[in-house]
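Raw contents of model_8.cif, mmCIF, C-alpha atoms:
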data_run
loop_
_atom_site.label_atom_id
_atom_site.label_comp_id
_atom_site.auth_asym_id
_atom_site.auth_seq_id
_atom_site.Cartn_x
_atom_site.Cartn_y
_atom_site.Cartn_z
CA ARG A 590 -273.72 220.15 -83.65
CA LYS A 591 -275.94 217.92 -85.81
CA GLU A 592 -276.82 219.19 -89.29
CA VAL A 593 -280.53 218.63 -88.69
CA GLU A 594 -281.88 218.83 -85.15
CA GLN A 595 -285.24 217.70 -83.83
CA ASP A 596 -286.78 217.25 -80.41
CA PRO A 597 -286.82 213.44 -80.01
CA GLY A 598 -290.03 213.48 -77.95
CA PRO A 599 -292.01 211.39 -77.37
CA PHE A 600 -295.05 213.58 -77.84
CA ASN A 601 -298.02 211.87 -76.20
CA VAL A 602 -301.29 213.40 -77.36
CA PRO A 603 -304.98 212.38 -77.26
CA GLU A 604 -306.91 211.65 -80.41
CA GLY A 605 -308.16 214.83 -82.02
CA ALA A 606 -305.36 216.99 -80.68
CA THR A 607 -303.22 219.33 -82.74
CA VAL A 608 -299.48 218.75 -82.47
CA ALA A 609 -296.52 220.64 -83.90
CA PHE A 610 -292.97 219.47 -84.58
CA ASN A 611 -290.03 221.74 -85.22
CA CYS A 612 -286.69 221.20 -86.85
CA THR A 613 -283.61 223.34 -87.46
CA TYR A 614 -280.89 222.81 -90.05
CA SER A 615 -277.37 224.19 -90.19
CA ASN A 616 -276.41 224.02 -93.88
CA SER A 617 -277.55 227.27 -95.49
CA ALA A 618 -276.98 225.68 -98.93
CA SER A 619 -279.87 223.27 -98.32
CA GLN A 620 -282.35 223.52 -101.15
CA SER A 621 -284.95 220.82 -100.65
CA PHE A 622 -286.88 220.00 -97.52
CA PHE A 623 -289.08 217.10 -96.55
CA TRP A 624 -290.92 215.37 -93.78
CA TYR A 625 -290.72 211.58 -93.76
CA ARG A 626 -292.73 209.25 -91.58
CA GLN A 627 -291.24 206.06 -90.17
CA ASP A 628 -293.26 203.36 -88.46
CA CYS A 629 -291.57 201.06 -85.97
CA ARG A 630 -289.05 198.76 -87.71
CA LYS A 631 -290.14 199.95 -91.16
CA GLU A 632 -288.55 202.12 -93.84
CA PRO A 633 -289.03 205.90 -93.98
CA LYS A 634 -291.83 207.05 -96.28
CA LEU A 635 -292.21 210.51 -97.74
CA LEU A 636 -294.98 212.39 -95.97
CA MET A 637 -294.62 215.69 -97.78
CA SER A 638 -292.17 218.08 -99.35
CA VAL A 639 -291.85 221.51 -97.74
CA TYR A 640 -291.98 224.69 -99.82
CA SER A 641 -291.06 228.23 -98.90
CA SER A 642 -294.65 229.38 -99.25
CA GLY A 643 -295.84 226.68 -96.88
CA ASN A 644 -298.00 223.81 -98.00
CA GLU A 645 -300.86 221.72 -96.74
CA ASP A 646 -301.93 218.14 -97.38
CA GLY A 647 -305.15 217.33 -95.62
CA ARG A 648 -304.52 217.46 -91.88
CA PHE A 649 -300.81 218.13 -92.35
CA THR A 650 -299.27 221.58 -92.80
CA ALA A 651 -295.57 222.21 -93.36
CA GLN A 652 -293.76 225.53 -93.10
CA LEU A 653 -290.23 226.60 -94.02
CA ASN A 654 -288.38 229.66 -92.78
CA ARG A 655 -285.13 229.92 -94.77
CA ALA A 656 -283.90 232.96 -92.87
CA SER A 657 -284.11 231.12 -89.55
CA GLN A 658 -283.30 227.72 -91.11
CA TYR A 659 -286.36 226.31 -89.45
CA ILE A 660 -288.95 223.78 -90.62
CA SER A 661 -292.21 222.84 -88.96
CA LEU A 662 -294.95 220.24 -89.29
CA LEU A 663 -298.43 220.69 -87.88
CA ILE A 664 -300.82 217.76 -87.55
CA ARG A 665 -304.45 218.61 -86.88
CA ASP A 666 -307.12 216.24 -85.56
CA SER A 667 -304.58 213.54 -84.67
CA LYS A 668 -305.54 209.93 -85.40
CA LEU A 669 -304.27 206.78 -83.72
CA SER A 670 -302.71 205.89 -87.08
CA ASP A 671 -300.54 209.02 -86.93
CA SER A 672 -298.42 207.35 -84.22
CA ALA A 673 -294.96 207.08 -85.74
CA THR A 674 -291.57 208.79 -85.84
CA TYR A 675 -291.42 211.92 -88.00
CA LEU A 676 -288.10 212.64 -89.66
CA CYS A 677 -287.09 216.10 -90.82
CA VAL A 678 -284.94 215.85 -93.95
CA VAL A 679 -282.94 218.36 -95.99
CA SER A 680 -280.84 218.01 -99.12
CA VAL A 681 -278.48 220.01 -101.31
CA THR A 682 -279.39 219.33 -104.93
CA ASN A 683 -275.92 219.78 -106.37
CA ALA A 684 -274.59 217.26 -103.84
CA GLY A 685 -276.41 214.44 -105.58
CA ASN A 686 -279.55 215.02 -103.56
CA MET A 687 -277.98 213.33 -100.56
CA LEU A 688 -280.63 213.34 -97.85
CA THR A 689 -279.61 214.54 -94.39
CA PHE A 690 -281.98 213.29 -91.71
CA GLY A 691 -282.73 214.58 -88.27
CA GLY A 692 -282.93 212.09 -85.44
CA GLY A 693 -286.72 211.99 -85.61
CA THR A 694 -289.56 212.99 -83.31
CA ARG A 695 -291.70 210.21 -81.91
CA LEU A 696 -295.45 210.79 -81.77
CA MET A 697 -297.85 208.62 -79.80
CA VAL A 698 -301.56 209.32 -80.22
CA LYS A 699 -303.71 207.76 -77.51
CA PRO A 700 -307.47 207.07 -77.40
CA GLU B 94 -295.31 199.54 -101.89
CA THR B 95 -292.36 201.38 -103.45
CA GLY B 96 -291.12 198.55 -105.65
CA VAL B 97 -287.69 198.73 -104.02
CA THR B 98 -286.60 195.38 -102.61
CA GLN B 99 -283.69 194.46 -100.38
CA SER B 100 -282.15 191.17 -99.33
CA PRO B 101 -281.64 189.63 -96.94
CA THR B 102 -284.20 190.93 -94.44
CA HIS B 103 -282.09 190.08 -91.42
CA LEU B 104 -278.49 189.04 -91.00
CA ILE B 105 -276.27 188.11 -88.07
CA LYS B 106 -272.51 188.27 -88.43
CA THR B 107 -269.51 188.31 -86.10
CA ARG B 108 -266.80 190.94 -85.76
CA GLY B 109 -264.24 190.85 -88.52
CA GLN B 110 -266.50 189.15 -91.06
CA GLN B 111 -267.61 190.62 -94.37
CA VAL B 112 -271.18 191.17 -95.53
CA THR B 113 -272.94 191.93 -98.83
CA LEU B 114 -276.37 193.51 -98.91
CA ARG B 115 -278.46 193.75 -102.06
CA CYS B 116 -280.98 196.23 -103.43
CA SER B 117 -283.22 196.14 -106.49
CA SER B 118 -284.39 199.58 -107.51
CA GLN B 119 -287.83 200.57 -108.64
CA SER B 120 -288.52 200.08 -112.34
CA GLY B 121 -287.37 203.12 -114.31
CA HIS B 122 -285.03 204.40 -111.60
CA ASN B 123 -281.32 204.82 -112.35
CA THR B 124 -279.91 206.02 -109.03
CA VAL B 125 -279.44 204.12 -105.78
CA SER B 126 -278.47 205.61 -102.43
CA TRP B 127 -277.53 203.67 -99.30
CA TYR B 128 -278.18 204.78 -95.72
CA GLN B 129 -277.30 203.38 -92.30
CA GLN B 130 -279.79 203.79 -89.47
CA ALA B 131 -278.58 202.95 -85.98
CA LEU B 132 -281.18 202.27 -83.32
CA GLY B 133 -282.92 205.44 -82.16
CA GLN B 134 -281.26 207.64 -84.78
CA GLY B 135 -282.11 208.99 -88.20
CA PRO B 136 -280.63 207.40 -91.33
CA GLN B 137 -277.13 208.51 -92.33
CA PHE B 138 -276.02 208.72 -95.96
CA ILE B 139 -273.35 206.20 -96.94
CA PHE B 140 -273.02 206.71 -100.71
CA GLN B 141 -274.93 207.02 -103.95
CA TYR B 142 -274.55 205.23 -107.29
CA TYR B 143 -275.54 206.64 -110.65
CA ARG B 144 -274.80 204.93 -113.94
CA GLU B 145 -272.67 202.33 -112.17
CA GLU B 146 -270.35 204.91 -110.59
CA GLU B 147 -270.13 206.26 -107.05
CA ASN B 148 -271.66 209.73 -107.07
CA GLY B 149 -271.23 211.09 -103.58
CA ARG B 150 -270.15 209.61 -100.28
CA GLY B 151 -270.92 210.33 -96.65
CA ASN B 152 -268.59 210.08 -93.68
CA PHE B 153 -268.00 206.33 -93.82
CA PRO B 154 -264.64 204.52 -93.97
CA PRO B 155 -263.38 202.73 -97.11
CA ARG B 156 -264.41 199.34 -95.73
CA PHE B 157 -267.89 200.37 -96.83
CA SER B 158 -267.98 199.89 -100.59
CA GLY B 159 -270.59 199.36 -103.24
CA LEU B 160 -271.49 198.47 -106.77
CA GLN B 161 -274.25 199.29 -109.20
CA PHE B 162 -275.05 196.92 -112.02
CA PRO B 163 -276.29 197.67 -115.57
CA ASN B 164 -279.86 196.88 -114.47
CA TYR B 165 -279.41 199.57 -111.75
CA SER B 166 -279.55 197.10 -108.87
CA SER B 167 -276.88 197.63 -106.25
CA GLU B 168 -274.78 195.99 -103.57
CA LEU B 169 -273.35 197.34 -100.34
CA ASN B 170 -270.27 195.56 -99.04
CA VAL B 171 -268.87 196.00 -95.56
CA ASN B 172 -265.51 194.48 -94.66
CA ALA B 173 -263.99 193.86 -91.22
CA LEU B 174 -267.33 194.24 -89.44
CA GLU B 175 -267.39 196.10 -86.13
CA LEU B 176 -270.00 195.99 -83.39
CA ASP B 177 -271.05 199.57 -84.26
CA ASP B 178 -272.00 198.42 -87.76
CA SER B 179 -275.12 196.86 -86.26
CA ALA B 180 -277.94 198.86 -87.84
CA LEU B 181 -280.76 198.94 -90.36
CA TYR B 182 -279.32 199.41 -93.84
CA LEU B 183 -281.67 201.16 -96.22
CA CYS B 184 -281.41 201.64 -99.93
CA ALA B 185 -283.36 204.26 -101.79
CA SER B 186 -283.91 204.45 -105.52
CA SER B 187 -284.69 207.51 -107.58
CA TYR B 188 -284.61 208.83 -111.12
CA ARG B 189 -281.95 211.32 -112.15
CA LEU B 190 -282.01 213.34 -115.35
CA ALA B 191 -279.89 216.33 -116.29
CA GLY B 192 -278.85 217.09 -112.70
CA ARG B 193 -282.34 216.84 -111.27
CA ILE B 194 -283.10 213.96 -108.94
CA ASP B 195 -286.65 212.99 -108.12
CA THR B 196 -288.01 211.67 -104.85
CA GLN B 197 -286.07 208.84 -103.24
CA TYR B 198 -288.12 205.75 -102.41
CA PHE B 199 -286.85 203.48 -99.69
CA GLY B 200 -286.73 199.72 -99.56
CA PRO B 201 -287.71 197.82 -96.40
CA GLY B 202 -284.11 197.58 -95.23
CA THR B 203 -281.73 194.88 -94.05
CA ARG B 204 -281.26 194.60 -90.31
CA LEU B 205 -277.63 193.67 -89.60
CA THR B 206 -276.53 192.49 -86.18
CA VAL B 207 -272.81 192.15 -85.47
CA LEU B 208 -271.88 190.01 -82.48
#

Could you express the structure from this file as structure tokens?
Amino acid sequence: RKEVEQDPGPFNVPEGATVAFNCTYSNSASQSFFWYRQDCRKEPKLLMSVYSSGNEDGRFTAQLNRASQYISLLIRDSKLSDSATYLCVVSVTNAGNMLTFGGGTRLMVKP
Amino acid sequence: ETGVTQSPTHLIKTRGQQVTLRCSSQSGHNTVSWYQQALGQGPQFIFQYYREEENGRGNFPPRFSGLQFPNYSSELNVNALELDDSALYLCASSYRLAGRIDTQYFGPGTRLTVL
């Protein structure tokens, strides 16, 4: 079983749609949680950190459920520029902040 | 841009050869982590360097080795290349102080092809 699991997609949605991605992690010692965005053939870039209370950044909302070891990302009013692969990432701080990535979920937003 | 640079951008090698990849960290950062990303997969942690010493290692064989220099730049060396080593190699720099490590910023990567 992979440490961080995501539905690989692709999710094909029209512009303006709301789309949700889910992720589960297996290491209960995980302490930090992130969503990264990766465009085709580019490096991953931090989209947002995920906090237990949930957090929002514009059209993006992230949620964390530590009891279920489950992380989610909601994108509202999708734009063409949101097309990318979204990587769910966890880390254990006392392990040198090694990042453990999921396989990524591909999103394609169409006109 | 993150300020993290990597060289070369692309590289083609044959099985059994050795390769050295380079990473210059963002100004002010003292920690470098290396990741391998095979096609269609998420990045996998190789190892991390802090103050010129290896500070954590993922599930990679000893033929993957590294160095960090006093200016915090880093090298990844891979010996006896195998076909499965073909991947995008990413380095990420961050700042570590008193056990706390800030956000890791990734360089553009080196795409290695092993024939």

Exercise. Pick out the residues sitting within 8 Å of A:Gly692, and hand them over as JSON, numbers by chain; count all atoms listed in the file, and ignore anything fewer than 4 positions along from it in its own chain.
Key: {"A": [593, 594, 595, 597, 676, 677], "B": [133, 134, 135, 136]}

Practice problem: Starting from the displayed file, determine the output of the PyMOL selection byres ((chain A and resi 601-606) around 9) and express the residue list as a PyMOL selection string. | Solution: chain A and resi 598-600+607-608+664-669+695-700

Under the PyMOL selection byres ((chain A) within 12 of (chain B)), which residues of this model are included? Write them out as a short mmCIF file (atom, residue, chain, number, x, y, z; two decimals) with C-alpha atoms, keeping the file's coordinate frame.
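New file part-v2.cif:
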data_model
loop_
_atom_site.label_atom_id
_atom_site.label_comp_id
_atom_site.auth_asym_id
_atom_site.auth_seq_id
_atom_site.Cartn_x
_atom_site.Cartn_y
_atom_site.Cartn_z
CA LYS A 591 -275.94 217.92 -85.81
CA GLU A 592 -276.82 219.19 -89.29
CA VAL A 593 -280.53 218.63 -88.69
CA GLU A 594 -281.88 218.83 -85.15
CA GLN A 595 -285.24 217.70 -83.83
CA ASP A 596 -286.78 217.25 -80.41
CA PRO A 597 -286.82 213.44 -80.01
CA GLY A 598 -290.03 213.48 -77.95
CA PRO A 599 -292.01 211.39 -77.37
CA SER A 621 -284.95 220.82 -100.65
CA PHE A 622 -286.88 220.00 -97.52
CA PHE A 623 -289.08 217.10 -96.55
CA TYR A 625 -290.72 211.58 -93.76
CA ARG A 626 -292.73 209.25 -91.58
CA GLN A 627 -291.24 206.06 -90.17
CA ASP A 628 -293.26 203.36 -88.46
CA CYS A 629 -291.57 201.06 -85.97
CA ARG A 630 -289.05 198.76 -87.71
CA LYS A 631 -290.14 199.95 -91.16
CA GLU A 632 -288.55 202.12 -93.84
CA PRO A 633 -289.03 205.90 -93.98
CA LYS A 634 -291.83 207.05 -96.28
CA LEU A 635 -292.21 210.51 -97.74
CA LEU A 636 -294.98 212.39 -95.97
CA MET A 637 -294.62 215.69 -97.78
CA SER A 638 -292.17 218.08 -99.35
CA THR A 674 -291.57 208.79 -85.84
CA TYR A 675 -291.42 211.92 -88.00
CA LEU A 676 -288.10 212.64 -89.66
CA CYS A 677 -287.09 216.10 -90.82
CA VAL A 678 -284.94 215.85 -93.95
CA VAL A 679 -282.94 218.36 -95.99
CA SER A 680 -280.84 218.01 -99.12
CA VAL A 681 -278.48 220.01 -101.31
CA THR A 682 -279.39 219.33 -104.93
CA ASN A 683 -275.92 219.78 -106.37
CA ALA A 684 -274.59 217.26 -103.84
CA GLY A 685 -276.41 214.44 -105.58
CA ASN A 686 -279.55 215.02 -103.56
CA MET A 687 -277.98 213.33 -100.56
CA LEU A 688 -280.63 213.34 -97.85
CA THR A 689 -279.61 214.54 -94.39
CA PHE A 690 -281.98 213.29 -91.71
CA GLY A 691 -282.73 214.58 -88.27
CA GLY A 692 -282.93 212.09 -85.44
CA GLY A 693 -286.72 211.99 -85.61
CA THR A 694 -289.56 212.99 -83.31
CA ARG A 695 -291.70 210.21 -81.91
#

Practice problem: Identify all residues satisfying the PyMOL selection byres ((chain B and resi 108) around 6) in the given file; provide them as number ranges by chain. | Solution: B: 107, 109-110, 174-175

Exercise. Can you work out which one of B:Thr102, B:Tyr188, B:Arg144, B:Thr206 has the shortest atom-to-atom distance to B:Pro163, counting only C-alpha atoms?
Key: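 That would be B:Arg144, the residue with the smallest distance to B:Pro163.
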
Quiz item: Of the candidates B:Ala191, B:Ala131, B:Leu104, B:Ser186, which shows the shortest atom-to-atom distance to B:Gln161, using all atoms listed in the file?
Solution: B:Ser186

Quiz item: Between A:Gln620, A:Phe610, A:Ser642, A:Gly647, which is the closest to A:Leu662 once you count only C-alpha atoms?
Solution: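 Ranked by minimum distance to A:Leu662, first place goes to A:Phe610.
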
Quiz item: Which distance in Å separates atom CA of B:Ser167 and atom CA of B:His122, to one decimal?
Solution: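 Separation of atom CA of B:Ser167 and atom CA of B:His122: 11.9 Å.
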
Exercise. Considering only C-alpha atoms, return as a PyMOL selection string whatever protein or nucleic-acid residues lie within 6 Å of stretch 97-99 of chain B, sequence-local ones (same chain, fewer than 6 positions apart) excluded.
Key: chain B and resi 115-119+200

Quiz item: At what distance in Å, to one decimal, does atom CA of B:Thr113 lie from atom CA of B:Ala180?
Solution: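 Going from atom CA of B:Ala180 over to atom CA of B:Thr113, I get 13.9 Å.
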
Exercise. Quick one: everything within 10 Å of A:Leu663, counting all atoms listed in the file, minus sequence neighbours fewer than 6 positions away in the same chain. Send it as an MDAnalysis selection string.
Key: chainID A and resid 607:611 645 648:652

Hey, can you spit out that residue selection with C-alpha atoms as a compact mmCIF listing (two decimals), in the frame of the given file?
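Everything below was put into part15.txt:
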# COMPACT_ATOMS: atom_id res chain seq x y z
CA THR A 607 -303.22 219.33 -82.74
CA VAL A 608 -299.48 218.75 -82.47
CA ALA A 609 -296.52 220.64 -83.90
CA PHE A 610 -292.97 219.47 -84.58
CA ASN A 611 -290.03 221.74 -85.22
CA GLU A 645 -300.86 221.72 -96.74
CA ARG A 648 -304.52 217.46 -91.88
CA PHE A 649 -300.81 218.13 -92.35
CA THR A 650 -299.27 221.58 -92.80
CA ALA A 651 -295.57 222.21 -93.36
CA GLN A 652 -293.76 225.53 -93.10

Practice problem: Can you pull out every residue within 8 Å of B:Val112, counting only C-alpha atoms, but drop anything in the same chain fewer than 2 positions away, and send it as an MDAnalysis selection string? | Solution: chainID B and resid 106 110 114 170:172 174

Pull stretch 149-166 of chain B out of the block and emit N, CA and C atoms, as a CSV table (one decimal), in the first residue's frame.
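Produced file decode.csv, reproduced below:
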chain,number,residue,atom,x,y,z
B,149,GLY,N,19.0,12.1,6.5
B,149,GLY,CA,17.8,11.4,6.1
B,149,GLY,C,18.0,10.9,4.7
B,150,ARG,N,17.5,9.6,4.6
B,150,ARG,CA,17.6,9.0,3.3
B,150,ARG,C,16.4,8.1,3.0
B,151,GLY,N,15.9,8.1,1.8
B,151,GLY,CA,14.8,7.3,1.4
B,151,GLY,C,15.2,5.9,1.0
B,152,ASN,N,14.4,5.2,0.4
B,152,ASN,CA,14.6,3.8,0.0
B,152,ASN,C,15.4,3.7,-1.3
B,153,PHE,N,16.6,4.2,-1.4
B,153,PHE,CA,17.4,4.2,-2.6
B,153,PHE,C,18.7,3.5,-2.3
B,154,PRO,N,19.3,2.7,-3.2
B,154,PRO,CA,20.5,2.0,-3.0
B,154,PRO,C,21.7,2.9,-2.8
B,155,PRO,N,22.8,2.4,-2.3
B,155,PRO,CA,24.0,3.2,-2.0
B,155,PRO,C,24.6,3.8,-3.3
B,156,ARG,N,24.3,3.3,-4.5
B,156,ARG,CA,24.9,3.9,-5.7
B,156,ARG,C,24.3,5.3,-5.9
B,157,PHE,N,23.3,5.7,-5.2
B,157,PHE,CA,22.9,7.1,-5.1
B,157,PHE,C,23.6,7.7,-4.0
B,158,SER,N,24.4,8.7,-4.3
B,158,SER,CA,25.1,9.4,-3.2
B,158,SER,C,25.1,10.9,-3.5
B,159,GLY,N,25.5,11.7,-2.5
B,159,GLY,CA,25.4,13.1,-2.6
B,159,GLY,C,26.5,13.8,-1.9
B,160,LEU,N,26.5,15.1,-2.1
B,160,LEU,CA,27.4,16.0,-1.4
B,160,LEU,C,26.7,17.4,-1.2
B,161,GLN,N,27.0,18.1,-0.1
B,161,GLN,CA,26.6,19.4,0.0
B,161,GLN,C,27.9,20.2,0.3
B,162,PHE,N,28.0,21.4,-0.3
B,162,PHE,CA,29.2,22.2,-0.2
B,162,PHE,C,29.0,23.3,0.8
B,163,PRO,N,30.1,24.0,1.2
B,163,PRO,CA,30.0,25.1,2.2
B,163,PRO,C,29.0,26.2,1.8
B,164,ASN,N,28.8,26.4,0.5
B,164,ASN,CA,27.9,27.4,0.0
B,164,ASN,C,26.5,26.9,-0.1
B,165,TYR,N,26.3,25.6,0.4
B,165,TYR,CA,25.0,24.9,0.5
B,165,TYR,C,24.5,24.4,-0.9
B,166,SER,N,25.3,24.6,-1.9
B,166,SER,CA,24.9,23.9,-3.2
B,166,SER,C,25.1,22.4,-3.0
